[in-house]
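What follows is a set of notes on a single structure, which appears directly below.
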Amino acid sequence: MEKILSVSGLQKSYVTKGNTYPVLKGVSMEMNRGEFVAVMGPSGSGKTTLLNIVSGFLSADSGNVKVGSVDMLHTDKEKQAEIRSSILGFIFQDFMLIDGLTVQENIFLPQIIAKKPVADMEGKTRGLLCAFGIEDISGKYPGELSGGQKQRVAIARALSNEPLLILADEPTGNLDSKSSNAVIEAFLFAKEQLGATVLMVTHDAIAASHADRVIALSDGMVVRELVRQKEQRQFMNDILEFLKIVEVGQ
Ligand SMILES: Nc1ncnc2c1ncn2[C@@H]1O[C@H](COP(=O)(O)OP(=O)(O)OP(=O)(O)O)[C@@H](O)[C@H]1O
Ligand SMILES: [Mg+2]
């Protein structure tokens, strides 16, 4: 198995008004190529902080993060930005599509940033538009799309660069259940058909039940890991069960 992500002993504190608040207290986790992993945990448990450190947006106090063979924490800022655009794909809760660009142009963006040749870009984008069933909206602007369509465009955009790892922070958080399903379908498609590796933070047990694994954070520590073995509904029940335990802080 090829390791795509390796996080070890990650510690992070925020300092506000002279007080130090530890947020990550030694987090370790790994992901193999082609895995779809969900991170769950109560609000404030450090999920977004973890994603921001993995992507190099935020520094850590100690520990290590490797994406592929790249040491994310110990490369200089400039190099890091370049690396980030070539090996990571991002999906945000509020999509972050650029309003003044069409769907197709939005999907072009990461490839432009990574300085990909234009000919490759067009072929790649066409393939993604078809794969996600959004060819007919390729000329539309984000303001003309539904929430589920926007999210599919965001996923196609995140994949356009063939990143080693896709990071998604609550990608279904603002969506109705139908659109949430479409997003999860898109992740499963990306994983199964395109070999994508996806790390998704979510509060949604249904969404998490489609992942291969669920990592539970509580108070800055990995407290539990659930591996999917049985049918999806059973997995969801297991997730709900352990969330109940984590939420009451046991
Ligand atoms: N820039 C910051 N400065 C100070 N404290 C912060 C900062 N960002 C986050 N925190 C604190 O760190 C803790 C973890 O925040 P984080 O955003 O990682 O949680 P989360 O698990 O993503 O929560 P949620 O489910 O609400 O998104 C919280 O207590 C938060 O208030
Ligand atoms: Mg968060």
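Ordered as shown in the structure tokens, chains take letters A, B, and onward, while each chain numbers its residues from 1 and ligands are numbered from 1 in the order shown.
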Neighbourhood of ligand 1 at 10 Å, counting only C-alpha atoms and all ligand atoms, reported as a short mmCIF file (atom, residue, chain, number, x, y, z; two decimals) with N, CA, C and O atoms, in the first residue's frame:
```cif
data_model
loop_
_atom_site.label_atom_id
_atom_site.label_comp_id
_atom_site.auth_asym_id
_atom_site.auth_seq_id
_atom_site.Cartn_x
_atom_site.Cartn_y
_atom_site.Cartn_z
N LYS A 12 -0.55 21.34 18.59
CA LYS A 12 -0.79 22.74 18.22
C LYS A 12 -1.54 23.45 19.34
O LYS A 12 -2.54 22.94 19.85
N SER A 13 -1.03 24.60 19.72
CA SER A 13 -1.74 25.44 20.69
C SER A 13 -2.00 26.79 20.05
O SER A 13 -1.22 27.25 19.23
N TYR A 14 -3.11 27.40 20.40
CA TYR A 14 -3.36 28.79 20.02
C TYR A 14 -3.07 29.66 21.24
O TYR A 14 -3.40 29.28 22.36
N VAL A 15 -2.47 30.80 20.98
CA VAL A 15 -2.21 31.72 22.08
C VAL A 15 -3.11 32.94 21.88
O VAL A 15 -3.04 33.60 20.86
N THR A 16 -4.00 33.17 22.83
CA THR A 16 -4.82 34.38 22.77
C THR A 16 -4.75 35.09 24.12
O THR A 16 -4.90 34.48 25.16
N LYS A 17 -4.52 36.40 24.04
CA LYS A 17 -4.41 37.25 25.22
C LYS A 17 -3.48 36.66 26.28
O LYS A 17 -3.81 36.59 27.46
N ASN A 19 -2.86 33.69 26.95
CA ASN A 19 -3.17 32.33 27.39
C ASN A 19 -2.93 31.33 26.27
O ASN A 19 -3.20 31.62 25.11
N THR A 20 -2.42 30.18 26.66
CA THR A 20 -2.14 29.14 25.68
C THR A 20 -3.22 28.06 25.75
O THR A 20 -3.47 27.51 26.82
N TYR A 21 -3.87 27.82 24.59
CA TYR A 21 -4.90 26.78 24.54
C TYR A 21 -4.44 25.64 23.65
O TYR A 21 -4.37 25.81 22.43
N PRO A 22 -4.13 24.48 24.24
CA PRO A 22 -3.76 23.35 23.39
C PRO A 22 -4.97 22.84 22.61
O PRO A 22 -6.04 22.67 23.20
N VAL A 23 -4.81 22.70 21.32
CA VAL A 23 -5.94 22.28 20.47
C VAL A 23 -5.70 20.89 19.88
O VAL A 23 -6.60 20.07 19.80
N LEU A 24 -4.46 20.62 19.46
CA LEU A 24 -4.10 19.26 19.05
C LEU A 24 -3.05 18.76 20.02
O LEU A 24 -2.05 19.42 20.28
N VAL A 39 -13.16 12.38 9.16
CA VAL A 39 -12.76 12.81 10.50
C VAL A 39 -13.99 13.42 11.17
O VAL A 39 -14.63 14.30 10.60
N MET A 40 -14.33 12.89 12.34
CA MET A 40 -15.50 13.39 13.06
C MET A 40 -15.09 13.81 14.46
O MET A 40 -14.01 13.45 14.92
N GLY A 41 -15.99 14.51 15.12
CA GLY A 41 -15.70 14.92 16.49
C GLY A 41 -16.49 16.17 16.83
O GLY A 41 -16.91 16.89 15.93
N PRO A 42 -16.66 16.44 18.11
CA PRO A 42 -17.45 17.59 18.54
C PRO A 42 -16.86 18.90 18.02
O PRO A 42 -15.67 18.96 17.68
N SER A 43 -17.68 19.93 17.98
CA SER A 43 -17.24 21.25 17.60
C SER A 43 -16.11 21.68 18.54
O SER A 43 -16.21 21.51 19.75
N GLY A 44 -15.03 22.18 17.96
CA GLY A 44 -13.91 22.64 18.78
C GLY A 44 -12.88 21.54 19.07
O GLY A 44 -11.89 21.79 19.76
N SER A 45 -13.10 20.34 18.53
CA SER A 45 -12.17 19.24 18.84
C SER A 45 -10.87 19.32 18.04
O SER A 45 -9.95 18.56 18.27
N GLY A 46 -10.81 20.23 17.05
CA GLY A 46 -9.56 20.45 16.34
C GLY A 46 -9.53 19.94 14.91
O GLY A 46 -8.46 19.89 14.29
N LYS A 47 -10.69 19.64 14.34
CA LYS A 47 -10.74 19.05 12.99
C LYS A 47 -10.21 20.00 11.92
O LYS A 47 -9.38 19.64 11.09
N THR A 48 -10.72 21.23 11.95
CA THR A 48 -10.28 22.21 10.95
C THR A 48 -8.81 22.56 11.15
O THR A 48 -8.06 22.70 10.17
N THR A 49 -8.41 22.66 12.40
CA THR A 49 -6.99 22.93 12.69
C THR A 49 -6.12 21.83 12.08
O THR A 49 -5.10 22.12 11.46
N LEU A 50 -6.54 20.59 12.24
CA LEU A 50 -5.79 19.47 11.67
C LEU A 50 -5.67 19.61 10.15
O LEU A 50 -4.56 19.50 9.60
N LEU A 51 -6.79 19.88 9.48
CA LEU A 51 -6.74 20.04 8.01
C LEU A 51 -5.84 21.20 7.61
O LEU A 51 -5.07 21.10 6.65
N ASN A 52 -5.93 22.29 8.35
CA ASN A 52 -5.11 23.47 8.01
C ASN A 52 -3.62 23.21 8.20
O ASN A 52 -2.79 23.79 7.49
N ILE A 53 -3.27 22.34 9.13
CA ILE A 53 -1.85 22.01 9.31
C ILE A 53 -1.40 21.04 8.23
O ILE A 53 -0.33 21.20 7.64
N LEU A 58 -1.22 26.37 8.19
CA LEU A 58 -0.98 26.69 9.59
C LEU A 58 0.24 25.91 10.05
O LEU A 58 0.42 24.76 9.64
N ASP A 169 -13.47 20.13 4.10
CA ASP A 169 -13.94 20.48 5.45
C ASP A 169 -15.45 20.68 5.41
O ASP A 169 -15.94 21.67 4.87
N GLU A 170 -16.18 19.75 5.96
CA GLU A 170 -17.65 19.76 5.99
C GLU A 170 -18.27 20.08 4.63
O GLU A 170 -19.04 21.03 4.50
N VAL A 201 -13.66 16.08 6.63
CA VAL A 201 -14.20 16.39 7.96
C VAL A 201 -15.71 16.50 7.83
O VAL A 201 -16.21 17.15 6.92
N THR A 202 -16.44 15.84 8.72
CA THR A 202 -17.90 15.94 8.64
C THR A 202 -18.56 15.74 9.99
O THR A 202 -18.03 15.07 10.87
N HIS A 203 -19.74 16.36 10.13
CA HIS A 203 -20.58 16.13 11.31
C HIS A 203 -21.69 15.14 10.95
O HIS A 203 -22.50 14.77 11.78
N LEU A 217 -12.01 12.50 16.56
CA LEU A 217 -11.20 13.40 17.39
C LEU A 217 -12.05 13.86 18.56
O LEU A 217 -13.24 14.15 18.41
N SER A 218 -11.45 13.94 19.70
CA SER A 218 -12.12 14.56 20.83
C SER A 218 -11.06 15.28 21.64
O SER A 218 -10.01 14.70 21.95
N ASP A 219 -11.32 16.56 21.91
CA ASP A 219 -10.40 17.35 22.70
C ASP A 219 -8.95 17.24 22.21
O ASP A 219 -8.02 17.08 23.00
N GLY A 220 -8.78 17.29 20.90
CA GLY A 220 -7.45 17.32 20.32
C GLY A 220 -6.70 16.00 20.25
O GLY A 220 -5.50 15.97 20.00
#
```
Return as a Markdown table the residues of range 122-196 of chain A lying at most 12 Å from range 60-73 of chain A, together with the closest atom-to-atom pair for each and the distance in Å to one decimal, counting only C-alpha atoms, with rows in chain order and ascending residue number.
```
| residue | atom | partner | partner_atom | distance |
| --- | --- | --- | --- | --- |
| A:Pro163 | CA | A:Gly68 | CA | 10.4 |
| A:Leu164 | CA | A:Gly68 | CA | 7.1 |
| A:Leu165 | CA | A:Val67 | CA | 7.7 |
| A:Ile166 | CA | A:Val67 | CA | 10.8 |
| A:Leu167 | CA | A:Val67 | CA | 11.6 |
```
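Here CA of Leu226 in chain A is placed at a distance of 8.7 Å from CA of Asp212 in chain A.
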| message | Write out as number ranges by chain the set of residues from range 17-245 of chain A that DSSP, computed on the backbone, places in helix (DSSP H, G or I). | response | A: 47-54, 77-87, 103-113, 118-131, 135-137, 142-144, 147-159, 177-194, 205-208, 232-245
| query | Among range 10-232 of chain A, which residues carry a DSSP assignment of strand (DSSP E), reported as an NGL selection string? | reply | :A and (10-16 or 19-32 or 36-40 or 62-67 or 70-71 or 88-91 or 165-169 or 198-201 or 213-218 or 221-227)
| If you count only C-alpha atoms, which residues fall within 9 Å of Leu194 in chain A, apart from same-chain ones fewer than 6 positions away, as number ranges by chain? | A: 34, 159, 162
Keeping N, CA, C and O atoms for every residue in the selection just given, could you write it to a file as a CSV table (one decimal), in the first residue's frame?
```csv
chain,number,residue,atom,x,y,z
A,34,GLY,N,-6.0,5.9,-2.4
A,34,GLY,CA,-7.3,5.4,-2.7
A,34,GLY,C,-8.3,5.3,-1.6
A,34,GLY,O,-9.4,4.9,-1.7
A,159,LEU,N,-10.2,18.0,-8.3
A,159,LEU,CA,-9.6,16.8,-8.9
A,159,LEU,C,-8.8,17.2,-10.2
A,159,LEU,O,-8.0,16.4,-10.7
A,162,GLU,N,-5.2,16.5,-10.5
A,162,GLU,CA,-4.8,15.1,-10.1
A,162,GLU,C,-4.0,15.2,-8.8
A,162,GLU,O,-2.8,14.7,-8.8
```
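Residues in contact with Val37 in chain A at 6 Å, where only C-alpha atoms are counted and same-chain residues fewer than 4 positions away are skipped, are listed as Leu199, Ala211, Asp212, Arg213 and Val214 of chain A.
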Quick one: write out the picked residues with all heavy atoms as a compact mmCIF listing (two decimals), in the first residue's frame?
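Written out: result37.txt:
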```
# COMPACT_ATOMS: atom_id res chain seq x y z
N LEU A 199 -9.76 13.00 2.29
CA LEU A 199 -9.89 13.18 3.74
C LEU A 199 -10.98 14.22 3.98
O LEU A 199 -10.87 15.37 3.57
CB LEU A 199 -8.57 13.68 4.32
CG LEU A 199 -8.52 13.89 5.84
CD1 LEU A 199 -8.87 12.62 6.59
CD2 LEU A 199 -7.15 14.38 6.27
N ALA A 211 -17.62 6.37 4.02
CA ALA A 211 -16.14 6.37 4.02
C ALA A 211 -15.63 4.96 4.33
O ALA A 211 -16.38 4.09 4.78
CB ALA A 211 -15.63 7.36 5.05
N ASP A 212 -14.35 4.74 4.08
CA ASP A 212 -13.74 3.44 4.40
C ASP A 212 -13.43 3.37 5.89
O ASP A 212 -13.39 2.29 6.48
CB ASP A 212 -12.41 3.26 3.64
CG ASP A 212 -12.63 3.31 2.14
OD1 ASP A 212 -13.54 2.62 1.66
OD2 ASP A 212 -11.89 4.05 1.46
N ARG A 213 -13.20 4.54 6.47
CA ARG A 213 -12.76 4.61 7.85
C ARG A 213 -13.22 5.91 8.47
O ARG A 213 -13.31 6.91 7.77
CB ARG A 213 -11.23 4.64 7.87
CG ARG A 213 -10.63 3.54 8.69
CD ARG A 213 -9.15 3.38 8.58
NE ARG A 213 -8.35 4.09 7.64
CZ ARG A 213 -7.32 4.87 8.00
NH1 ARG A 213 -7.04 5.09 9.25
NH2 ARG A 213 -6.57 5.44 7.06
N VAL A 214 -13.50 5.89 9.76
CA VAL A 214 -13.84 7.13 10.46
C VAL A 214 -12.85 7.31 11.61
O VAL A 214 -12.66 6.39 12.41
CB VAL A 214 -15.28 7.10 11.01
CG1 VAL A 214 -15.55 8.33 11.86
CG2 VAL A 214 -16.29 7.01 9.87
```
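Residue nearest Asn237 in chain A within the list A:Ile83, A:Ala208, A:Ala196, A:Ile155: A:Ala208 [criterion: smallest interatomic distance, only C-alpha atoms].
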| query | Residues at most 12 Å from Ser177 in chain A, counting only C-alpha atoms, excluding those fewer than 3 positions away in the same chain, as a VMD selection string? | reply | chain A and resid 147 to 148 172 to 174 180 to 184 204 to 207
Any chance you can output those residues with N, CA, C and O atoms as a PDB file, in the first residue's frame?
```
ATOM      1  N   GLY A 147     -26.992  24.394  -4.977  1.00  0.00           N
ATOM      2  CA  GLY A 147     -25.934  24.053  -4.023  1.00  0.00           C
ATOM      3  C   GLY A 147     -25.216  22.766  -4.403  1.00  0.00           C
ATOM      4  O   GLY A 147     -23.983  22.689  -4.365  1.00  0.00           O
ATOM      5  N   GLY A 148     -25.982  21.753  -4.790  1.00  0.00           N
ATOM      6  CA  GLY A 148     -25.381  20.459  -5.156  1.00  0.00           C
ATOM      7  C   GLY A 148     -24.515  20.573  -6.410  1.00  0.00           C
ATOM      8  O   GLY A 148     -23.455  19.958  -6.495  1.00  0.00           O
ATOM      9  N   THR A 172     -20.610  18.767   3.055  1.00  0.00           N
ATOM     10  CA  THR A 172     -22.067  18.642   2.939  1.00  0.00           C
ATOM     11  C   THR A 172     -22.778  19.507   3.982  1.00  0.00           C
ATOM     12  O   THR A 172     -23.992  19.465   4.107  1.00  0.00           O
ATOM     13  N   GLY A 173     -22.002  20.300   4.711  1.00  0.00           N
ATOM     14  CA  GLY A 173     -22.535  21.059   5.836  1.00  0.00           C
ATOM     15  C   GLY A 173     -23.686  21.991   5.518  1.00  0.00           C
ATOM     16  O   GLY A 173     -24.584  22.172   6.336  1.00  0.00           O
ATOM     17  N   ASN A 174     -23.666  22.595   4.325  1.00  0.00           N
ATOM     18  CA  ASN A 174     -24.715  23.567   3.994  1.00  0.00           C
ATOM     19  C   ASN A 174     -25.748  23.021   3.020  1.00  0.00           C
ATOM     20  O   ASN A 174     -26.504  23.774   2.438  1.00  0.00           O
ATOM     21  N   SER A 180     -26.396  16.535  -0.533  1.00  0.00           N
ATOM     22  CA  SER A 180     -25.346  15.844   0.221  1.00  0.00           C
ATOM     23  C   SER A 180     -25.040  14.498  -0.418  1.00  0.00           C
ATOM     24  O   SER A 180     -23.879  14.128  -0.578  1.00  0.00           O
ATOM     25  N   ASN A 181     -26.120  13.783  -0.780  1.00  0.00           N
ATOM     26  CA  ASN A 181     -25.914  12.487  -1.433  1.00  0.00           C
ATOM     27  C   ASN A 181     -25.113  12.635  -2.711  1.00  0.00           C
ATOM     28  O   ASN A 181     -24.234  11.826  -2.992  1.00  0.00           O
ATOM     29  N   ALA A 182     -25.428  13.695  -3.469  1.00  0.00           N
ATOM     30  CA  ALA A 182     -24.723  13.910  -4.738  1.00  0.00           C
ATOM     31  C   ALA A 182     -23.227  14.138  -4.488  1.00  0.00           C
ATOM     32  O   ALA A 182     -22.382  13.661  -5.248  1.00  0.00           O
ATOM     33  N   VAL A 183     -22.922  14.840  -3.411  1.00  0.00           N
ATOM     34  CA  VAL A 183     -21.523  15.103  -3.080  1.00  0.00           C
ATOM     35  C   VAL A 183     -20.809  13.801  -2.710  1.00  0.00           C
ATOM     36  O   VAL A 183     -19.693  13.529  -3.174  1.00  0.00           O
ATOM     37  N   ILE A 184     -21.466  12.996  -1.890  1.00  0.00           N
ATOM     38  CA  ILE A 184     -20.847  11.733  -1.480  1.00  0.00           C
ATOM     39  C   ILE A 184     -20.672  10.806  -2.688  1.00  0.00           C
ATOM     40  O   ILE A 184     -19.630  10.170  -2.863  1.00  0.00           O
ATOM     41  N   ASP A 204     -21.731  14.770   9.678  1.00  0.00           N
ATOM     42  CA  ASP A 204     -22.866  14.041   9.131  1.00  0.00           C
ATOM     43  C   ASP A 204     -22.586  12.536   9.133  1.00  0.00           C
ATOM     44  O   ASP A 204     -21.744  12.044   8.380  1.00  0.00           O
ATOM     45  N   ALA A 205     -23.305  11.807   9.989  1.00  0.00           N
ATOM     46  CA  ALA A 205     -23.058  10.367  10.119  1.00  0.00           C
ATOM     47  C   ALA A 205     -23.390   9.625   8.829  1.00  0.00           C
ATOM     48  O   ALA A 205     -22.747   8.628   8.493  1.00  0.00           O
ATOM     49  N   ILE A 206     -24.367  10.120   8.091  1.00  0.00           N
ATOM     50  CA  ILE A 206     -24.712   9.449   6.824  1.00  0.00           C
ATOM     51  C   ILE A 206     -23.542   9.589   5.853  1.00  0.00           C
ATOM     52  O   ILE A 206     -23.108   8.611   5.248  1.00  0.00           O
ATOM     53  N   ALA A 207     -23.040  10.806   5.736  1.00  0.00           N
ATOM     54  CA  ALA A 207     -21.891  11.028   4.837  1.00  0.00           C
ATOM     55  C   ALA A 207     -20.707  10.168   5.275  1.00  0.00           C
ATOM     56  O   ALA A 207     -20.088   9.486   4.455  1.00  0.00           O
TER      57      ALA A 207
END
```
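Taking CA of Gln229 in chain A and CA of Glu185 in chain A as the two end points, the separation is 19.2 Å.
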| query | Hey, which of A:Phe92, A:Ile239, A:Leu101, A:Ala114 ends up closest to ligand 2? Count only C-alpha atoms and all ligand atoms. | reply | A:Phe92
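Take CA of Gly26 in chain A and CA of Val198 in chain A: the distance between them is 21.9 Å.
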| With only C-alpha atoms and all ligand atoms as the basis for distance, which of A:Val103, A:Ala154, A:Ala168, A:Val222 is at the shortest distance from ligand 2? | A:Ala168
| request: Using only C-alpha atoms, find the one residue out of A:Arg33, A:Ala216, A:Gly9, A:Ser55 that sits nearest to Leu243 in chain A. | output: A:Ala216
| message | So that I can see what lies close to Lys140 in chain A, please list as an MDAnalysis selection string the residues with an atom at most 12 Å from it, counting only C-alpha atoms and leaving out residues fewer than 3 positions away in the same chain. | response | chainID A and resid 98:106 134:137 143:146 149:150 153
| field | Residue with smallest distance to Phe36 in chain A - pool A:Leu188, A:Val118, A:Leu88, A:Val227, counting only C-alpha atoms | value | A:Leu188
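Minimum atom-to-atom distances from A:Gln232, A:Asn32, A:Ser6, A:Gln93 to ligand 2 were compared using only C-alpha atoms and all ligand atoms, and the lowest value belongs to A:Gln93.
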